[in-house]
Amino acid sequence: MASPQRYIAHLDLDSFFVSVEVLNNPSLKGKAVIVGGSKDRGVVTTCSYEARKFGVRSAMPMHKAMKLCPHAILVQGTRGEYSRYSRWVTEIIAAKAPLFEKASIDEFFIDLTGMDKFFDPFQWTIDLRDEIISKTQLPISFGLASNKMIAKIATDEAKPNGYLFVQPGMEKNFLAPLPVNKFSGVGESMHERLKSMGIFTIQQLSETPVAELEKSIGKYGVDLWKKSQGIHEGIVQPYHEAKSISTENTFEENQTDEAFLLSELVRMTEKVAYELRTDKKLTGCIAVKIRYPDFETTSKQTTIDYTLRDDELIPVAISLFHQLYRKGQPIRLLGVRLSELTSHVLQGSLFEDNKKDELYKAIDAVKNKFGKTALQKARTIRGGLNKS
């Protein structure tokens, strides 16, 4: 029996942070807007299409961006609003989609394979896009294709605020005229190497013998050749709350010392936050779990603005602990869990204070080299912490 035709939709909120800022401040509409850090040391998180016309791009140092577009309006960003709108769009998609993946704070994949028996996948995705725009007023583009890679590239081609359906069987024709750096993973150095081989377009890449590519650029050459044929086997990873990072500690002896328990809570929160950053994720929900000697287990969670920082997670964990803990009662187990995870790619680490982000990078670098416990907060080591 033949496999059903695959239909994968990729939806991407256009210049998401800028779009949210424009909704909250309509005077920014139609202007060159850059969201990011300070003019001196900051980095561009995202920018409006008006700023892109001047060559401004995400991840560009802010001082360079301001030279290219000196009249741009610099906005530091309102992270709570980004979290709110991201959740709103997620809820709309979750209510309609049979299977979806939240690839990042502003990007989604939907698997519509087999659903063509019941409806037209293209029209269904158009209707979903219309509903998102109608309810949130956010511009959103989508690509529909037979696999994730083609769908994502189609979305990129459809921007801003448009859509594109690459019909099954037309993948190679669609890719052929595009530059080779349309493929993720083809950075500046790889792009230059391919150009030095006379390969500028994906069609030229597809016509290059795979053995020649492997000889010149190794195993990645084989992968690129497969991509150039329109082949991609990635699956849509279901988005659900079970996707989480957690840690817990069952104590050898039941614990009643609140200072010790809080220091353990801080240690565990630091641990899961480090794992979060290692996985290049943001979390939008944190939970604390307590188990008593009679095995009665209680937990409490709360949604938060998307973050990856210890100093934002620890106070919330402590607050949840105080809401849960029956003062004076011994505790058998303590746990912390981060859920509602999404990839941050570039965005998450650039929401605000760049100096703080650099500090986290330095701390994580030490932990990577010398172990997770190489650096800990002083209050964790002391085993004491004032109630807050």
# chains A, B, ... in the order shown; residues from 1 in each chain; ligands from 1
>>> residues_around(residues="A:Trp88", least_positions_apart="3", cutoff="12 Å", atoms="only C-alpha atoms", output="PDB file with C-alpha atoms, in the first residue's frame")
ATOM      1  CA  GLU A  81       4.302  41.036  25.381  1.00  0.00           C
ATOM      2  CA  TYR A  82       6.247  38.690  23.101  1.00  0.00           C
ATOM      3  CA  SER A  83       5.455  35.797  25.438  1.00  0.00           C
ATOM      4  CA  ARG A  84       1.766  36.748  25.539  1.00  0.00           C
ATOM      5  CA  TYR A  85       1.370  36.969  21.764  1.00  0.00           C
ATOM      6  CA  GLU A  91      -3.491  28.439  21.389  1.00  0.00           C
ATOM      7  CA  ILE A  92      -5.147  29.259  18.046  1.00  0.00           C
ATOM      8  CA  ILE A  93      -3.018  26.653  16.239  1.00  0.00           C
ATOM      9  CA  ALA A  94      -3.465  24.031  18.986  1.00  0.00           C
ATOM     10  CA  ALA A  95      -7.264  24.375  18.744  1.00  0.00           C
ATOM     11  CA  ILE A 105       8.718  31.489  19.891  1.00  0.00           C
ATOM     12  CA  ASP A 106       7.350  32.659  16.506  1.00  0.00           C
ATOM     13  CA  GLU A 131      -7.850  33.497  11.723  1.00  0.00           C
ATOM     14  CA  ILE A 132      -4.473  34.276  13.340  1.00  0.00           C
ATOM     15  CA  ILE A 133      -4.283  37.642  11.562  1.00  0.00           C
ATOM     16  CA  LYS A 135      -7.576  37.668  16.105  1.00  0.00           C
ATOM     17  CA  THR A 136      -4.057  38.935  16.855  1.00  0.00           C
ATOM     18  CA  GLN A 137      -3.483  41.534  14.087  1.00  0.00           C
ATOM     19  CA  LEU A 138      -0.027  40.010  13.595  1.00  0.00           C
TER      20      LEU A 138
END
>>> residues_around(residues="A:Lys29", least_positions_apart="3", cutoff="10 Å", atoms="only C-alpha atoms", output="PyMOL selection string")
chain A and resi 18-19+21-23+25-26+32-33+48+50
>>> residues_around(residues="stretch 153-162 of chain A", least_positions_apart="5", cutoff="7 Å", atoms="only C-alpha atoms", output="list of chain:residue names")
A:His10, A:Asp14, A:Pro139, A:Ile140, A:Ser141, A:Phe142, A:Gly143
>>> write_last_selection(atoms="N, CA and C atoms", output="tab-separated table (two decimals), in the first residue's frame")
chain	number	residue	atom	x	y	z
A	10	HIS	N	4.51	25.27	7.24
A	10	HIS	CA	5.41	26.01	8.11
A	10	HIS	C	4.88	27.43	8.22
A	14	ASP	N	5.92	37.25	10.90
A	14	ASP	CA	6.85	38.15	10.24
A	14	ASP	C	7.41	39.20	11.21
A	139	PRO	N	1.06	40.00	11.39
A	139	PRO	CA	1.30	39.44	10.06
A	139	PRO	C	1.99	38.09	10.18
A	140	ILE	N	1.60	37.13	9.34
A	140	ILE	CA	2.18	35.79	9.40
A	140	ILE	C	2.23	35.20	7.99
A	141	SER	N	3.33	34.56	7.68
A	141	SER	CA	3.51	33.92	6.38
A	141	SER	C	3.56	32.40	6.54
A	142	PHE	N	3.22	31.68	5.45
A	142	PHE	CA	3.37	30.23	5.54
A	142	PHE	C	3.80	29.65	4.20
A	143	GLY	N	4.44	28.48	4.30
A	143	GLY	CA	4.76	27.66	3.14
A	143	GLY	C	4.16	26.29	3.36
>>> closest_residue(among="A:Asp130, A:Ala59, A:Arg309, A:Thr46", to="A:Thr278", atoms="only C-alpha atoms")
A:Arg309
>>> select_by_dssp(residues="stretch 157-375 of chain A", states="alpha helix (DSSP H)", output="PyMOL selection string")
chain A and resi 157-158+171-175+188-196+202-206+210-217+219-228+258-278+310-324+354-370
>>> write_last_selection(atoms="C-alpha atoms", output="compact mmCIF listing (two decimals), in the first residue's frame")
# COMPACT_ATOMS: atom_id res chain seq x y z
CA GLU A 157 10.09 33.12 -0.26
CA ALA A 158 6.51 34.12 0.61
CA GLU A 171 10.34 20.46 -5.12
CA LYS A 172 13.42 20.45 -7.40
CA ASN A 173 11.87 23.01 -9.77
CA PHE A 174 11.12 25.28 -6.81
CA LEU A 175 14.64 25.01 -5.40
CA GLU A 188 29.52 32.46 4.91
CA SER A 189 32.56 30.16 4.77
CA MET A 190 30.63 27.23 3.24
CA HIS A 191 28.95 29.61 0.79
CA GLU A 192 32.35 30.89 -0.34
CA ARG A 193 33.68 27.34 -0.71
CA LEU A 194 30.73 26.33 -2.88
CA LYS A 195 31.10 29.45 -5.02
CA SER A 196 34.79 28.64 -5.50
CA ILE A 202 20.72 24.93 -5.92
CA GLN A 203 20.29 23.59 -9.47
CA GLN A 204 24.07 23.68 -9.96
CA LEU A 205 24.45 21.91 -6.62
CA SER A 206 21.94 19.22 -7.65
CA VAL A 210 27.71 13.58 -5.08
CA ALA A 211 31.18 11.97 -4.95
CA GLU A 212 32.75 15.29 -5.94
CA LEU A 213 30.86 17.10 -3.18
CA GLU A 214 31.89 14.50 -0.60
CA LYS A 215 35.52 14.75 -1.68
CA SER A 216 35.51 18.56 -1.47
CA ILE A 217 33.46 19.23 1.68
CA LYS A 219 29.91 14.17 4.64
CA TYR A 220 28.08 17.50 4.67
CA GLY A 221 28.45 17.49 0.88
CA VAL A 222 26.29 14.35 0.70
CA ASP A 223 23.70 16.00 2.96
CA LEU A 224 23.65 19.13 0.79
CA TRP A 225 23.24 17.05 -2.36
CA LYS A 226 20.21 15.28 -0.85
CA LYS A 227 18.72 18.64 0.08
CA SER A 228 19.26 19.88 -3.47
CA GLU A 258 14.27 25.46 55.48
CA ALA A 259 17.56 27.19 54.72
CA PHE A 260 18.98 23.91 53.44
CA LEU A 261 15.85 23.18 51.38
CA LEU A 262 15.97 26.60 49.77
CA SER A 263 19.67 26.26 48.97
CA GLU A 264 18.88 22.89 47.33
CA LEU A 265 16.08 24.54 45.37
CA VAL A 266 18.47 27.22 44.10
CA ARG A 267 21.05 24.59 43.15
CA MET A 268 18.51 22.55 41.21
CA THR A 269 17.09 25.62 39.46
CA GLU A 270 20.61 26.60 38.40
CA LYS A 271 21.12 23.06 37.09
CA VAL A 272 17.99 22.97 34.90
CA ALA A 273 18.60 26.54 33.68
CA TYR A 274 22.11 25.51 32.57
CA GLU A 275 20.63 22.51 30.71
CA LEU A 276 18.07 24.85 29.15
CA ARG A 277 20.78 27.12 27.76
CA THR A 278 22.85 24.13 26.64
CA ASP A 310 18.83 31.71 36.57
CA ASP A 311 18.13 35.08 38.16
CA GLU A 312 14.62 35.15 36.68
CA LEU A 313 13.79 31.51 37.43
CA ILE A 314 15.11 31.29 41.01
CA PRO A 315 12.75 33.89 42.59
CA VAL A 316 9.74 32.19 40.98
CA ALA A 317 10.90 28.76 42.21
CA ILE A 318 11.31 30.14 45.74
CA SER A 319 7.83 31.72 45.59
CA LEU A 320 6.28 28.41 44.48
CA PHE A 321 8.13 26.58 47.27
CA HIS A 322 6.71 28.94 49.93
CA GLN A 323 3.19 28.50 48.49
CA LEU A 324 3.54 24.71 48.69
CA ASN A 354 23.64 42.11 26.82
CA LYS A 355 26.17 42.37 29.67
CA LYS A 356 24.12 39.85 31.64
CA ASP A 357 23.97 37.53 28.64
CA GLU A 358 27.75 37.71 28.25
CA LEU A 359 28.09 36.82 31.94
CA TYR A 360 25.91 33.72 31.47
CA LYS A 361 27.97 32.68 28.44
CA ALA A 362 31.14 32.98 30.49
CA ILE A 363 29.67 31.00 33.41
CA ASP A 364 28.41 28.27 31.10
CA ALA A 365 31.80 28.09 29.37
CA VAL A 366 33.44 27.38 32.76
CA LYS A 367 30.80 24.74 33.55
CA ASN A 368 31.30 23.11 30.15
CA LYS A 369 35.02 22.86 30.80
CA PHE A 370 35.17 22.00 34.49
>>> closest_residue(among="A:Asp279, A:Ser104, A:Ser146, A:Pro98", to="A:Trp124", atoms="only C-alpha atoms")
A:Pro98
>>> residues_around(residues="A:Phe109", least_positions_apart="4", cutoff="9 Å", atoms="only C-alpha atoms", output="PDB file with N, CA and C atoms, in the first residue's frame")
ATOM      1  N   ILE A   8       3.155  19.275   4.769  1.00  0.00           N
ATOM      2  CA  ILE A   8       3.716  19.948   5.950  1.00  0.00           C
ATOM      3  C   ILE A   8       3.601  21.460   5.742  1.00  0.00           C
ATOM      4  N   ALA A   9       2.975  22.119   6.697  1.00  0.00           N
ATOM      5  CA  ALA A   9       2.877  23.582   6.655  1.00  0.00           C
ATOM      6  C   ALA A   9       3.874  24.182   7.635  1.00  0.00           C
ATOM      7  N   HIS A  10       4.512  25.269   7.236  1.00  0.00           N
ATOM      8  CA  HIS A  10       5.414  26.014   8.112  1.00  0.00           C
ATOM      9  C   HIS A  10       4.880  27.434   8.219  1.00  0.00           C
ATOM     10  N   LEU A  11       4.606  27.881   9.429  1.00  0.00           N
ATOM     11  CA  LEU A  11       4.098  29.233   9.668  1.00  0.00           C
ATOM     12  C   LEU A  11       5.114  30.029  10.458  1.00  0.00           C
ATOM     13  N   ASP A  12       5.330  31.265  10.049  1.00  0.00           N
ATOM     14  CA  ASP A  12       6.343  32.105  10.698  1.00  0.00           C
ATOM     15  C   ASP A  12       5.796  33.524  10.836  1.00  0.00           C
ATOM     16  N   LEU A  99      -1.690  17.960  14.342  1.00  0.00           N
ATOM     17  CA  LEU A  99      -0.358  17.696  14.893  1.00  0.00           C
ATOM     18  C   LEU A  99       0.531  18.875  14.554  1.00  0.00           C
ATOM     19  N   PHE A 100       1.097  19.518  15.584  1.00  0.00           N
ATOM     20  CA  PHE A 100       1.954  20.673  15.308  1.00  0.00           C
ATOM     21  C   PHE A 100       3.170  20.686  16.207  1.00  0.00           C
ATOM     22  N   GLU A 101       4.198  21.384  15.735  1.00  0.00           N
ATOM     23  CA  GLU A 101       5.455  21.563  16.455  1.00  0.00           C
ATOM     24  C   GLU A 101       5.706  23.055  16.613  1.00  0.00           C
ATOM     25  N   LYS A 102       6.007  23.480  17.818  1.00  0.00           N
ATOM     26  CA  LYS A 102       6.395  24.870  18.047  1.00  0.00           C
ATOM     27  C   LYS A 102       7.920  24.919  17.953  1.00  0.00           C
ATOM     28  N   ALA A 103       8.416  25.325  16.778  1.00  0.00           N
ATOM     29  CA  ALA A 103       9.853  25.277  16.518  1.00  0.00           C
ATOM     30  C   ALA A 103      10.600  26.397  17.227  1.00  0.00           C
ATOM     31  N   LYS A 148       9.464  19.333   5.662  1.00  0.00           N
ATOM     32  CA  LYS A 148       9.721  20.504   6.502  1.00  0.00           C
ATOM     33  C   LYS A 148      10.678  21.483   5.836  1.00  0.00           C
ATOM     34  N   ALA A 151       8.984  23.421   3.000  1.00  0.00           N
ATOM     35  CA  ALA A 151       7.961  24.307   3.569  1.00  0.00           C
ATOM     36  C   ALA A 151       8.591  25.550   4.191  1.00  0.00           C
ATOM     37  N   LYS A 152       9.704  25.358   4.903  1.00  0.00           N
ATOM     38  CA  LYS A 152      10.365  26.496   5.560  1.00  0.00           C
ATOM     39  C   LYS A 152      10.956  27.455   4.521  1.00  0.00           C
ATOM     40  N   VAL A 236       7.603  16.211  12.057  1.00  0.00           N
ATOM     41  CA  VAL A 236       7.039  17.238  12.929  1.00  0.00           C
ATOM     42  C   VAL A 236       6.981  16.662  14.342  1.00  0.00           C
ATOM     43  N   GLN A 237       7.682  17.320  15.262  1.00  0.00           N
ATOM     44  CA  GLN A 237       7.744  16.854  16.646  1.00  0.00           C
ATOM     45  C   GLN A 237       6.543  17.402  17.417  1.00  0.00           C
TER      46      GLN A 237
END
>>> select_by_dssp(residues="stretch 22-248 of chain A", states="strand (DSSP E or B)", output="PyMOL selection string")
chain A and resi 33-36+43-47+61+73-75+100-104+107-111+140-145+163-165+179+201+245-248
>>> write_last_selection(atoms="N, CA and C atoms", output="mmCIF file, in the first residue's frame")
data_model
loop_
_atom_site.group_PDB
_atom_site.id
_atom_site.type_symbol
_atom_site.label_atom_id
_atom_site.label_comp_id
_atom_site.auth_asym_id
_atom_site.auth_seq_id
_atom_site.Cartn_x
_atom_site.Cartn_y
_atom_site.Cartn_z
ATOM 1 N N VAL A 33 12.529 50.147 12.104
ATOM 2 C CA VAL A 33 12.557 49.835 13.544
ATOM 3 C C VAL A 33 13.531 48.684 13.777
ATOM 4 N N ILE A 34 14.363 48.833 14.796
ATOM 5 C CA ILE A 34 15.299 47.775 15.185
ATOM 6 C C ILE A 34 15.034 47.411 16.646
ATOM 7 N N VAL A 35 14.831 46.125 16.907
ATOM 8 C CA VAL A 35 14.680 45.636 18.279
ATOM 9 C C VAL A 35 15.993 44.974 18.675
ATOM 10 N N GLY A 36 16.536 45.376 19.815
ATOM 11 C CA GLY A 36 17.802 44.800 20.253
ATOM 12 C C GLY A 36 18.380 45.532 21.435
ATOM 13 N N VAL A 43 23.216 43.969 20.088
ATOM 14 C CA VAL A 43 23.113 43.203 18.852
ATOM 15 C C VAL A 43 21.668 43.278 18.378
ATOM 16 N N VAL A 44 21.464 43.292 17.074
ATOM 17 C CA VAL A 44 20.120 43.341 16.504
ATOM 18 C C VAL A 44 19.423 42.001 16.743
ATOM 19 N N THR A 45 18.268 42.039 17.397
ATOM 20 C CA THR A 45 17.456 40.849 17.573
ATOM 21 C C THR A 45 16.618 40.631 16.318
ATOM 22 N N THR A 46 15.906 41.640 15.907
ATOM 23 C CA THR A 46 15.162 41.617 14.652
ATOM 24 C C THR A 46 14.927 43.058 14.225
ATOM 25 N N CYS A 47 14.443 43.227 13.002
ATOM 26 C CA CYS A 47 14.203 44.579 12.500
ATOM 27 C C CYS A 47 13.053 44.556 11.505
ATOM 28 N N PRO A 61 25.935 43.508 14.843
ATOM 29 C CA PRO A 61 26.245 44.449 15.929
ATOM 30 C C PRO A 61 25.453 45.746 15.740
ATOM 31 N N ILE A 73 14.666 53.611 14.358
ATOM 32 C CA ILE A 73 14.181 53.769 15.726
ATOM 33 C C ILE A 73 14.572 52.511 16.504
ATOM 34 N N LEU A 74 15.339 52.689 17.569
ATOM 35 C CA LEU A 74 15.814 51.561 18.367
ATOM 36 C C LEU A 74 14.856 51.296 19.522
ATOM 37 N N VAL A 75 14.385 50.050 19.613
ATOM 38 C CA VAL A 75 13.460 49.642 20.670
ATOM 39 C C VAL A 75 14.110 48.522 21.471
ATOM 40 N N PHE A 100 1.097 19.518 15.584
ATOM 41 C CA PHE A 100 1.954 20.673 15.308
ATOM 42 C C PHE A 100 3.170 20.686 16.207
ATOM 43 N N GLU A 101 4.198 21.384 15.735
ATOM 44 C CA GLU A 101 5.455 21.563 16.455
ATOM 45 C C GLU A 101 5.706 23.055 16.613
ATOM 46 N N LYS A 102 6.007 23.480 17.818
ATOM 47 C CA LYS A 102 6.395 24.870 18.047
ATOM 48 C C LYS A 102 7.920 24.919 17.953
ATOM 49 N N ALA A 103 8.416 25.325 16.778
ATOM 50 C CA ALA A 103 9.853 25.277 16.518
ATOM 51 C C ALA A 103 10.600 26.397 17.227
ATOM 52 N N SER A 104 9.945 27.515 17.458
ATOM 53 C CA SER A 104 10.532 28.628 18.210
ATOM 54 C C SER A 104 9.394 29.506 18.701
ATOM 55 N N GLU A 107 7.470 30.475 15.401
ATOM 56 C CA GLU A 107 7.579 29.613 14.239
ATOM 57 C C GLU A 107 6.955 28.239 14.529
ATOM 58 N N PHE A 108 6.154 27.741 13.586
ATOM 59 C CA PHE A 108 5.404 26.507 13.811
ATOM 60 C C PHE A 108 5.423 25.623 12.559
ATOM 61 N N PHE A 109 5.426 24.298 12.782
ATOM 62 C CA PHE A 109 5.221 23.324 11.717
ATOM 63 C C PHE A 109 3.920 22.581 12.028
ATOM 64 N N ILE A 110 3.141 22.302 10.971
ATOM 65 C CA ILE A 110 1.909 21.524 11.128
ATOM 66 C C ILE A 110 1.944 20.366 10.143
ATOM 67 N N ASP A 111 1.693 19.154 10.635
ATOM 68 C CA ASP A 111 1.644 17.969 9.776
ATOM 69 C C ASP A 111 0.188 17.697 9.403
ATOM 70 N N ILE A 140 1.596 37.131 9.340
ATOM 71 C CA ILE A 140 2.183 35.788 9.398
ATOM 72 C C ILE A 140 2.232 35.200 7.993
ATOM 73 N N SER A 141 3.330 34.556 7.679
ATOM 74 C CA SER A 141 3.510 33.920 6.376
ATOM 75 C C SER A 141 3.555 32.401 6.544
ATOM 76 N N PHE A 142 3.220 31.679 5.452
ATOM 77 C CA PHE A 142 3.369 30.231 5.536
ATOM 78 C C PHE A 142 3.800 29.646 4.199
ATOM 79 N N GLY A 143 4.436 28.477 4.301
ATOM 80 C CA GLY A 143 4.761 27.658 3.144
ATOM 81 C C GLY A 143 4.158 26.291 3.360
ATOM 82 N N LEU A 144 3.652 25.690 2.290
ATOM 83 C CA LEU A 144 3.098 24.340 2.360
ATOM 84 C C LEU A 144 3.836 23.479 1.347
ATOM 85 N N ALA A 145 4.293 22.305 1.778
ATOM 86 C CA ALA A 145 5.085 21.451 0.883
ATOM 87 C C ALA A 145 5.042 20.010 1.377
ATOM 88 N N TYR A 163 1.915 33.697 1.338
ATOM 89 C CA TYR A 163 1.952 32.236 1.443
ATOM 90 C C TYR A 163 2.258 31.618 0.089
ATOM 91 N N LEU A 164 2.763 30.373 0.137
ATOM 92 C CA LEU A 164 3.211 29.693 -1.071
ATOM 93 C C LEU A 164 3.058 28.187 -0.902
ATOM 94 N N PHE A 165 2.469 27.538 -1.911
ATOM 95 C CA PHE A 165 2.295 26.085 -1.903
ATOM 96 C C PHE A 165 3.196 25.500 -2.982
ATOM 97 N N PRO A 179 19.638 30.603 -4.464
ATOM 98 C CA PRO A 179 21.059 30.516 -4.105
ATOM 99 C C PRO A 179 21.294 29.401 -3.094
ATOM 100 N N THR A 201 23.869 28.267 -7.540
ATOM 101 C CA THR A 201 22.445 27.977 -7.359
ATOM 102 C C THR A 201 22.246 26.547 -6.892
ATOM 103 N N ILE A 245 12.416 19.892 31.055
ATOM 104 C CA ILE A 245 13.709 19.630 31.680
ATOM 105 C C ILE A 245 13.465 19.638 33.184
ATOM 106 N N SER A 246 13.882 18.595 33.858
ATOM 107 C CA SER A 246 13.586 18.538 35.291
ATOM 108 C C SER A 246 14.725 17.887 36.056
ATOM 109 N N THR A 247 14.705 18.115 37.351
ATOM 110 C CA THR A 247 15.640 17.452 38.254
ATOM 111 C C THR A 247 14.958 17.331 39.613
ATOM 112 N N GLU A 248 15.296 16.288 40.333
ATOM 113 C CA GLU A 248 14.756 16.150 41.687
ATOM 114 C C GLU A 248 15.759 15.415 42.558
#
